[in-house]
>>> print(open('run-v2.cif').read())   # mmCIF, C-alpha atoms
data_query
#
loop_
_atom_site.group_PDB
_atom_site.id
_atom_site.type_symbol
_atom_site.label_atom_id
_atom_site.label_comp_id
_atom_site.auth_asym_id
_atom_site.auth_seq_id
_atom_site.Cartn_x
_atom_site.Cartn_y
_atom_site.Cartn_z
ATOM 1 C CA MET A 1 13.828 17.801 -10.601
ATOM 2 C CA VAL A 2 11.844 18.391 -7.437
ATOM 3 C CA ASN A 3 9.684 15.502 -6.331
ATOM 4 C CA MET A 4 6.130 16.698 -6.953
ATOM 5 C CA LEU A 5 4.978 14.467 -4.111
ATOM 6 C CA SER A 6 7.492 15.741 -1.572
ATOM 7 C CA HIS A 7 4.762 17.168 0.630
ATOM 8 C CA LEU A 8 3.472 13.645 1.397
ATOM 9 C CA PRO A 9 4.935 11.881 4.436
ATOM 10 C CA LEU A 10 6.141 9.054 2.200
ATOM 11 C CA SER A 11 7.656 6.870 4.879
ATOM 12 C CA SER A 12 4.151 6.557 6.268
ATOM 13 C CA ALA A 13 2.243 6.862 3.018
ATOM 14 C CA MET A 14 4.144 4.019 1.390
ATOM 15 C CA ALA A 15 4.219 1.760 4.459
ATOM 16 C CA ILE A 16 2.243 -1.439 4.187
ATOM 17 C CA GLY A 17 2.352 -3.004 7.585
ATOM 18 C CA LEU A 18 1.843 -2.389 11.241
ATOM 19 C CA GLY A 19 2.457 -5.841 12.724
ATOM 20 C CA PRO A 20 5.023 -6.368 15.457
ATOM 21 C CA ALA A 21 7.814 -7.718 13.240
ATOM 22 C CA ALA A 22 9.259 -6.735 9.874
ATOM 23 C CA ARG A 23 9.011 -10.088 8.079
ATOM 24 C CA VAL A 24 9.811 -10.378 4.374
ATOM 25 C CA VAL A 25 9.046 -13.619 2.534
ATOM 26 C CA ASP A 26 9.697 -14.882 -0.985
ATOM 27 C CA TYR A 27 7.190 -13.922 -3.668
ATOM 28 C CA ASN A 28 4.005 -15.982 -3.563
ATOM 29 C CA PRO A 29 2.443 -16.561 -7.001
ATOM 30 C CA GLU A 30 -0.965 -16.766 -5.258
ATOM 31 C CA TRP A 31 -0.897 -13.056 -4.330
ATOM 32 C CA PRO A 32 -2.416 -11.840 -7.635
ATOM 33 C CA ARG A 33 -5.249 -14.378 -7.398
ATOM 34 C CA LEU A 34 -5.917 -13.456 -3.765
ATOM 35 C CA TYR A 35 -6.022 -9.791 -4.780
ATOM 36 C CA VAL A 36 -8.550 -10.452 -7.578
ATOM 37 C CA ALA A 37 -10.806 -12.355 -5.160
ATOM 38 C CA GLU A 38 -10.610 -9.582 -2.549
ATOM 39 C CA LYS A 39 -11.199 -6.895 -5.151
ATOM 40 C CA ALA A 40 -14.438 -8.661 -6.123
ATOM 41 C CA ARG A 41 -15.557 -8.786 -2.475
ATOM 42 C CA ILE A 42 -14.800 -5.091 -1.988
ATOM 43 C CA LEU A 43 -16.569 -4.088 -5.200
ATOM 44 C CA GLY A 44 -19.559 -6.150 -4.153
ATOM 45 C CA ALA A 45 -19.754 -4.189 -0.902
ATOM 46 C CA ILE A 46 -18.894 -0.617 -1.978
ATOM 47 C CA GLY A 47 -18.949 -0.655 -5.772
ATOM 48 C CA PRO A 48 -21.307 2.316 -6.232
ATOM 49 C CA TRP A 49 -18.710 4.690 -4.731
ATOM 50 C CA VAL A 50 -15.594 3.155 -6.300
ATOM 51 C CA SER A 51 -14.029 4.318 -9.541
ATOM 52 C CA ARG A 52 -11.063 1.906 -9.478
ATOM 53 C CA ILE A 53 -9.279 -0.639 -7.299
ATOM 54 C CA GLU A 54 -5.586 -1.442 -7.664
ATOM 55 C CA HIS A 55 -3.165 -3.957 -6.167
ATOM 56 C CA VAL A 56 -0.192 -1.971 -4.837
ATOM 57 C CA GLY A 57 2.773 -2.537 -2.570
ATOM 58 C CA SER A 58 5.390 -5.215 -2.917
ATOM 59 C CA THR A 59 2.922 -8.085 -3.290
ATOM 60 C CA ALA A 60 1.853 -6.429 -6.564
ATOM 61 C CA ILE A 61 5.341 -6.730 -8.100
ATOM 62 C CA PRO A 62 5.808 -10.148 -9.762
ATOM 63 C CA GLY A 63 8.767 -12.002 -8.280
ATOM 64 C CA LEU A 64 9.421 -9.489 -5.495
ATOM 65 C CA ALA A 65 9.824 -10.645 -1.903
ATOM 66 C CA ALA A 66 7.401 -8.865 0.404
ATOM 67 C CA LYS A 67 5.682 -8.726 3.725
ATOM 68 C CA PRO A 68 2.852 -11.236 3.161
ATOM 69 C CA ILE A 69 0.125 -8.588 3.389
ATOM 70 C CA LEU A 70 -1.957 -7.576 0.369
ATOM 71 C CA ASP A 71 -2.083 -3.822 -0.103
ATOM 72 C CA ILE A 72 -5.204 -2.679 -1.903
ATOM 73 C CA LEU A 73 -5.746 0.862 -3.126
ATOM 74 C CA VAL A 74 -9.420 1.791 -3.438
ATOM 75 C CA GLY A 75 -10.061 4.855 -5.568
ATOM 76 C CA LEU A 76 -13.255 6.630 -4.627
ATOM 77 C CA ARG A 77 -14.984 9.089 -6.939
ATOM 78 C CA LYS A 78 -14.782 11.532 -4.026
ATOM 79 C CA LEU A 79 -13.444 11.115 -0.505
ATOM 80 C CA ASP A 80 -16.739 12.402 0.888
ATOM 81 C CA ASP A 81 -18.201 9.009 -0.073
ATOM 82 C CA ALA A 82 -16.024 7.194 2.480
ATOM 83 C CA PRO A 83 -18.677 7.310 5.260
ATOM 84 C CA HIS A 84 -20.921 5.161 3.038
ATOM 85 C CA CYS A 85 -18.117 2.633 2.642
ATOM 86 C CA ILE A 86 -16.813 2.290 6.200
ATOM 87 C CA PRO A 87 -19.645 0.170 7.672
ATOM 88 C CA ARG A 88 -19.721 -1.995 4.544
ATOM 89 C CA MET A 89 -15.977 -2.632 4.805
ATOM 90 C CA GLU A 90 -16.432 -3.541 8.459
ATOM 91 C CA LYS A 91 -19.075 -6.096 7.436
ATOM 92 C CA LEU A 92 -16.410 -7.678 5.205
ATOM 93 C CA GLY A 93 -14.245 -8.161 8.289
ATOM 94 C CA TYR A 94 -12.058 -5.077 7.961
ATOM 95 C CA GLU A 95 -11.126 -2.910 10.910
ATOM 96 C CA TYR A 96 -11.390 0.800 10.150
ATOM 97 C CA VAL A 97 -8.456 2.672 11.706
ATOM 98 C CA PRO A 98 -9.041 6.450 11.749
ATOM 99 C CA ASP A 99 -5.971 7.148 13.938
ATOM 100 C CA TYR A 100 -3.687 7.822 10.972
ATOM 101 C CA GLU A 101 -5.966 10.449 9.418
ATOM 102 C CA LYS A 102 -4.193 13.177 11.398
ATOM 103 C CA GLU A 103 -1.028 12.411 9.424
ATOM 104 C CA LEU A 104 -2.737 11.336 6.181
ATOM 105 C CA PRO A 105 -6.122 13.084 6.045
ATOM 106 C CA MET A 106 -6.591 12.085 2.406
ATOM 107 C CA ARG A 107 -6.706 8.366 3.280
ATOM 108 C CA ARG A 108 -9.136 6.060 5.036
ATOM 109 C CA TYR A 109 -7.248 3.014 6.279
ATOM 110 C CA PHE A 110 -8.558 -0.508 6.911
ATOM 111 C CA ARG A 111 -6.803 -3.682 7.973
ATOM 112 C CA GLN A 112 -7.734 -7.319 8.213
ATOM 113 C CA GLY A 113 -6.263 -10.071 10.332
ATOM 114 C CA SER A 114 -4.770 -10.050 13.796
ATOM 115 C CA ARG A 115 -1.766 -7.864 14.586
ATOM 116 C CA GLU A 116 0.458 -10.934 14.381
ATOM 117 C CA ASN A 117 -1.112 -12.182 11.172
ATOM 118 C CA ARG A 118 -2.283 -9.249 9.025
ATOM 119 C CA THR A 119 -3.591 -10.364 5.659
ATOM 120 C CA HIS A 120 -4.877 -7.175 3.983
ATOM 121 C CA HIS A 121 -4.446 -3.428 4.143
ATOM 122 C CA VAL A 122 -6.880 -1.205 2.273
ATOM 123 C CA HIS A 123 -6.040 2.416 1.536
ATOM 124 C CA MET A 124 -9.195 4.259 0.486
ATOM 125 C CA VAL A 125 -8.473 7.573 -1.252
ATOM 126 C CA GLU A 126 -9.860 9.752 -3.976
ATOM 127 C CA GLU A 127 -8.767 8.477 -7.373
ATOM 128 C CA GLY A 128 -6.225 10.863 -8.891
ATOM 129 C CA SER A 129 -5.058 12.231 -5.518
ATOM 130 C CA ASP A 130 -1.339 12.543 -4.794
ATOM 131 C CA PHE A 131 -1.571 9.425 -2.604
ATOM 132 C CA TRP A 132 -3.169 7.491 -5.496
ATOM 133 C CA VAL A 133 -0.610 8.698 -8.026
ATOM 134 C CA ALA A 134 2.410 8.013 -5.787
ATOM 135 C CA HIS A 135 1.402 4.428 -5.079
ATOM 136 C CA LEU A 136 0.694 3.570 -8.694
ATOM 137 C CA ARG A 137 3.807 5.360 -9.906
ATOM 138 C CA PHE A 138 5.986 3.416 -7.428
ATOM 139 C CA ARG A 139 4.368 0.068 -8.302
ATOM 140 C CA ASP A 140 4.553 0.638 -12.039
ATOM 141 C CA PHE A 141 8.170 1.784 -11.963
ATOM 142 C CA LEU A 142 9.219 -1.363 -10.089
ATOM 143 C CA ARG A 143 7.196 -3.541 -12.462
ATOM 144 C CA ASP A 144 8.890 -1.896 -15.454
ATOM 145 C CA HIS A 145 12.411 -1.833 -13.972
ATOM 146 C CA PRO A 146 13.380 -5.267 -12.593
ATOM 147 C CA ASP A 147 16.825 -3.984 -11.583
ATOM 148 C CA ALA A 148 15.194 -1.398 -9.274
ATOM 149 C CA ALA A 149 12.829 -4.061 -7.924
ATOM 150 C CA ARG A 150 15.807 -6.309 -7.080
ATOM 151 C CA ARG A 151 17.544 -3.416 -5.286
ATOM 152 C CA TYR A 152 14.353 -2.770 -3.325
ATOM 153 C CA GLU A 153 14.096 -6.452 -2.405
ATOM 154 C CA LEU A 154 17.696 -6.511 -1.206
ATOM 155 C CA LEU A 155 17.118 -3.366 0.859
ATOM 156 C CA LYS A 156 13.938 -4.772 2.398
ATOM 157 C CA ARG A 157 15.627 -8.046 3.325
ATOM 158 C CA GLN A 158 18.555 -6.186 4.898
ATOM 159 C CA LEU A 159 16.253 -3.862 6.831
ATOM 160 C CA ALA A 160 13.991 -6.715 7.970
ATOM 161 C CA ALA A 161 17.038 -8.488 9.417
ATOM 162 C CA GLN A 162 18.371 -5.292 10.978
ATOM 163 C CA PHE A 163 15.055 -3.993 12.346
ATOM 164 C CA GLU A 164 13.080 -7.204 12.804
ATOM 165 C CA ASN A 165 11.392 -5.909 15.967
ATOM 166 C CA ASP A 166 11.261 -2.230 15.067
ATOM 167 C CA ARG A 167 8.698 -1.679 12.322
ATOM 168 C CA ASP A 168 9.001 2.106 12.496
ATOM 169 C CA ALA A 169 12.756 1.954 11.834
ATOM 170 C CA TYR A 170 12.181 -0.554 9.018
ATOM 171 C CA THR A 171 9.663 1.767 7.353
ATOM 172 C CA THR A 172 11.659 4.964 7.916
ATOM 173 C CA SER A 173 14.787 3.326 6.497
ATOM 174 C CA LYS A 174 13.013 2.688 3.170
ATOM 175 C CA LYS A 175 12.054 6.363 2.739
ATOM 176 C CA ASP A 176 15.112 7.476 0.729
ATOM 177 C CA PHE A 177 14.800 4.545 -1.683
ATOM 178 C CA ILE A 178 11.075 5.153 -2.169
ATOM 179 C CA ASN A 179 11.631 8.859 -2.793
ATOM 180 C CA SER A 180 14.408 8.090 -5.286
ATOM 181 C CA ILE A 181 12.118 5.745 -7.230
ATOM 182 C CA LEU A 182 9.305 8.307 -7.265
ATOM 183 C CA THR A 183 11.715 10.961 -8.512
ATOM 184 C CA LYS A 184 13.008 8.644 -11.256
ATOM 185 C CA ALA A 185 9.441 7.802 -12.250
ATOM 186 C CA VAL A 186 8.499 11.485 -12.515
ATOM 187 C CA GLU A 187 11.654 12.233 -14.530
ATOM 188 C CA ALA A 188 10.912 9.304 -16.854
ATOM 189 C CA GLY A 189 7.346 10.499 -17.301
ATOM 190 C CA ASP A 190 5.935 7.314 -15.751
#
>>> encode(input="run-v2.cif", output="structure tokens")
Amino acid sequence: MVNMLSHLPLSSAMAIGLGPAARVVDYNPEWPRLYVAEKARILGAIGPWVSRIEHVGSTAIPGLAAKPILDILVGLRKLDDAPHCIPRMEKLGYEYVPDYEKELPMRRYFRQGSRENRTHHVHMVEEGSDFWVAHLRFRDFLRDHPDAARRYELLKRQLAAQFENDRDAYTTSKKDFINSILTKAVEAGD
């Protein structure tokens, strides 16, 4: 089966960090609580334009080691509403980073924390877009398939050791695994 999301640059689309080092830590049971608190802050700031907010990335998979950065997927009713949201997100302490829109024009990207100590990444997209679907499909497949989550954890730990100071290589090296999970999820109807 052909991956219906093959046109997305998945190594970039599924990346969660831009700090200087690829650092993977053991699962922190506080991550879900921190997500819920941040979701409430975001909804308080931009709620009128939001249809849904989801916790994605490795910190959203119970028990999975991850880079200690919360990835939050904000689903807008329409991407044209993003200009209303950008200044409000900045008031929450997020940095809006438009640089990546050349590669991923369907996403508005925000980050919080210093380069050395990122705490949050927010991916603002239209709910139902390919970007939205891919991230939820990947998260849900790993949540439903602990064996795949363990393989992903092992891969991430190996790559973090191998490419500790080369984040691009770390991210690129996960691409085949991510694509294989997305393909399996599509085939399984997830």
>>> closest_residue(input="run-v2.cif", among="A:Arg151, A:Arg143, A:Lys156, A:Arg52", to="Asp26 (chain A)", atoms="only C-alpha atoms")
A:Lys156
>>> resolve_selection(input="run-v2.cif", expression="the PyMOL selection byres ((chain A and resi 125-132) around 9)", output="PyMOL selection string")
chain A and resi 4-5+8+13-14+50-52+73-80+82+106-109+123-124+133-137
>>> atom_distance(input="run-v2.cif", atom1="CA of Asp81 (chain A)", atom2="CA of Val36 (chain A)")
23.0 Å
>>> resolve_selection(input="run-v2.cif", expression="the PyMOL selection byres ((chain A and resi 152) around 12)", output="number ranges by chain")
A: 24, 57-58, 61, 63-66, 138-139, 141-143, 145-151, 153-160, 173-181
>>> resolve_selection(input="run-v2.cif", expression="the PyMOL selection byres ((chain A and resi 69) around 6)", output="VMD selection string")
chain A and resid 67 to 68 70 119 to 120
>>> residues_near_point(input="run-v2.cif", point="(-23.5, 0.4, 3.3)", cutoff="12 Å", atoms="only C-alpha atoms", output="PyMOL selection string")
chain A and resi 42-49+81-92
>>> write_last_selection(input="run-v2.cif", atoms="C-alpha atoms", output="mmCIF file, in the coordinates of the input")
data_model
loop_
_atom_site.group_PDB
_atom_site.id
_atom_site.type_symbol
_atom_site.label_atom_id
_atom_site.label_comp_id
_atom_site.auth_asym_id
_atom_site.auth_seq_id
_atom_site.Cartn_x
_atom_site.Cartn_y
_atom_site.Cartn_z
ATOM 1 C CA ILE A 42 -14.800 -5.091 -1.988
ATOM 2 C CA LEU A 43 -16.569 -4.088 -5.200
ATOM 3 C CA GLY A 44 -19.559 -6.150 -4.153
ATOM 4 C CA ALA A 45 -19.754 -4.189 -0.902
ATOM 5 C CA ILE A 46 -18.894 -0.617 -1.978
ATOM 6 C CA GLY A 47 -18.949 -0.655 -5.772
ATOM 7 C CA PRO A 48 -21.307 2.316 -6.232
ATOM 8 C CA TRP A 49 -18.710 4.690 -4.731
ATOM 9 C CA ASP A 81 -18.201 9.009 -0.073
ATOM 10 C CA ALA A 82 -16.024 7.194 2.480
ATOM 11 C CA PRO A 83 -18.677 7.310 5.260
ATOM 12 C CA HIS A 84 -20.921 5.161 3.038
ATOM 13 C CA CYS A 85 -18.117 2.633 2.642
ATOM 14 C CA ILE A 86 -16.813 2.290 6.200
ATOM 15 C CA PRO A 87 -19.645 0.170 7.672
ATOM 16 C CA ARG A 88 -19.721 -1.995 4.544
ATOM 17 C CA MET A 89 -15.977 -2.632 4.805
ATOM 18 C CA GLU A 90 -16.432 -3.541 8.459
ATOM 19 C CA LYS A 91 -19.075 -6.096 7.436
ATOM 20 C CA LEU A 92 -16.410 -7.678 5.205
#
>>> atom_distance(input="run-v2.cif", atom1="CA of Gln112 (chain A)", atom2="CA of Tyr94 (chain A)")
4.9 Å
>>> closest_residue(input="run-v2.cif", among="A:Asn165, A:Thr171, A:Thr59, A:Ser114", to="Val25 (chain A)", atoms="all atoms listed in the file")
A:Thr59
>>> atom_distance(input="run-v2.cif", atom1="CA of Glu95 (chain A)", atom2="CA of Glu38 (chain A)")
15.0 Å
>>> closest_residue(input="run-v2.cif", among="A:Ala40, A:Lys102, A:Gln162, A:Asp140", to="Ala188 (chain A)", atoms="all atoms listed in the file")
A:Asp140
>>> decode(input="run-v2.cif", residues="region 151-166 of chain A", atoms="N, CA and C atoms", output="mmCIF file, in the first residue's frame")
data_model
loop_
_atom_site.group_PDB
_atom_site.id
_atom_site.type_symbol
_atom_site.label_atom_id
_atom_site.label_comp_id
_atom_site.auth_asym_id
_atom_site.auth_seq_id
_atom_site.Cartn_x
_atom_site.Cartn_y
_atom_site.Cartn_z
ATOM 1 N N ARG A 151 10.381 -0.505 20.159
ATOM 2 C CA ARG A 151 11.357 -0.449 19.054
ATOM 3 C C ARG A 151 11.728 1.004 18.750
ATOM 4 N N TYR A 152 10.750 1.886 18.802
ATOM 5 C CA TYR A 152 11.013 3.302 18.553
ATOM 6 C C TYR A 152 11.922 3.870 19.651
ATOM 7 N N GLU A 153 11.645 3.502 20.888
ATOM 8 C CA GLU A 153 12.486 3.963 21.997
ATOM 9 C C GLU A 153 13.923 3.491 21.822
ATOM 10 N N LEU A 154 14.099 2.229 21.496
ATOM 11 C CA LEU A 154 15.442 1.693 21.284
ATOM 12 C C LEU A 154 16.150 2.444 20.161
ATOM 13 N N LEU A 155 15.451 2.665 19.054
ATOM 14 C CA LEU A 155 16.025 3.412 17.938
ATOM 15 C C LEU A 155 16.420 4.820 18.373
ATOM 16 N N LYS A 156 15.543 5.501 19.082
ATOM 17 C CA LYS A 156 15.839 6.871 19.506
ATOM 18 C C LYS A 156 17.039 6.921 20.440
ATOM 19 N N ARG A 157 17.130 5.973 21.342
ATOM 20 C CA ARG A 157 18.291 5.948 22.255
ATOM 21 C C ARG A 157 19.587 5.688 21.478
ATOM 22 N N GLN A 158 19.528 4.762 20.530
ATOM 23 C CA GLN A 158 20.719 4.483 19.713
ATOM 24 C C GLN A 158 21.125 5.709 18.905
ATOM 25 N N LEU A 159 20.150 6.354 18.283
ATOM 26 C CA LEU A 159 20.443 7.524 17.451
ATOM 27 C C LEU A 159 20.912 8.710 18.291
ATOM 28 N N ALA A 160 20.348 8.877 19.486
ATOM 29 C CA ALA A 160 20.787 9.972 20.357
ATOM 30 C C ALA A 160 22.241 9.771 20.766
ATOM 31 N N ALA A 161 22.643 8.529 21.009
ATOM 32 C CA ALA A 161 24.046 8.261 21.346
ATOM 33 C C ALA A 161 24.944 8.471 20.127
ATOM 34 N N GLN A 162 24.480 8.022 18.976
ATOM 35 C CA GLN A 162 25.267 8.126 17.752
ATOM 36 C C GLN A 162 25.373 9.557 17.233
ATOM 37 N N PHE A 163 24.279 10.308 17.324
ATOM 38 C CA PHE A 163 24.224 11.654 16.745
ATOM 39 C C PHE A 163 23.957 12.721 17.806
ATOM 40 N N GLU A 164 24.547 12.569 18.965
ATOM 41 C CA GLU A 164 24.268 13.471 20.080
ATOM 42 C C GLU A 164 24.377 14.947 19.689
ATOM 43 N N ASN A 165 25.343 15.288 18.870
ATOM 44 C CA ASN A 165 25.560 16.689 18.497
ATOM 45 C C ASN A 165 25.159 17.002 17.063
ATOM 46 N N ASP A 166 24.347 16.137 16.486
ATOM 47 C CA ASP A 166 23.890 16.358 15.112
ATOM 48 C C ASP A 166 22.397 16.081 15.042
#
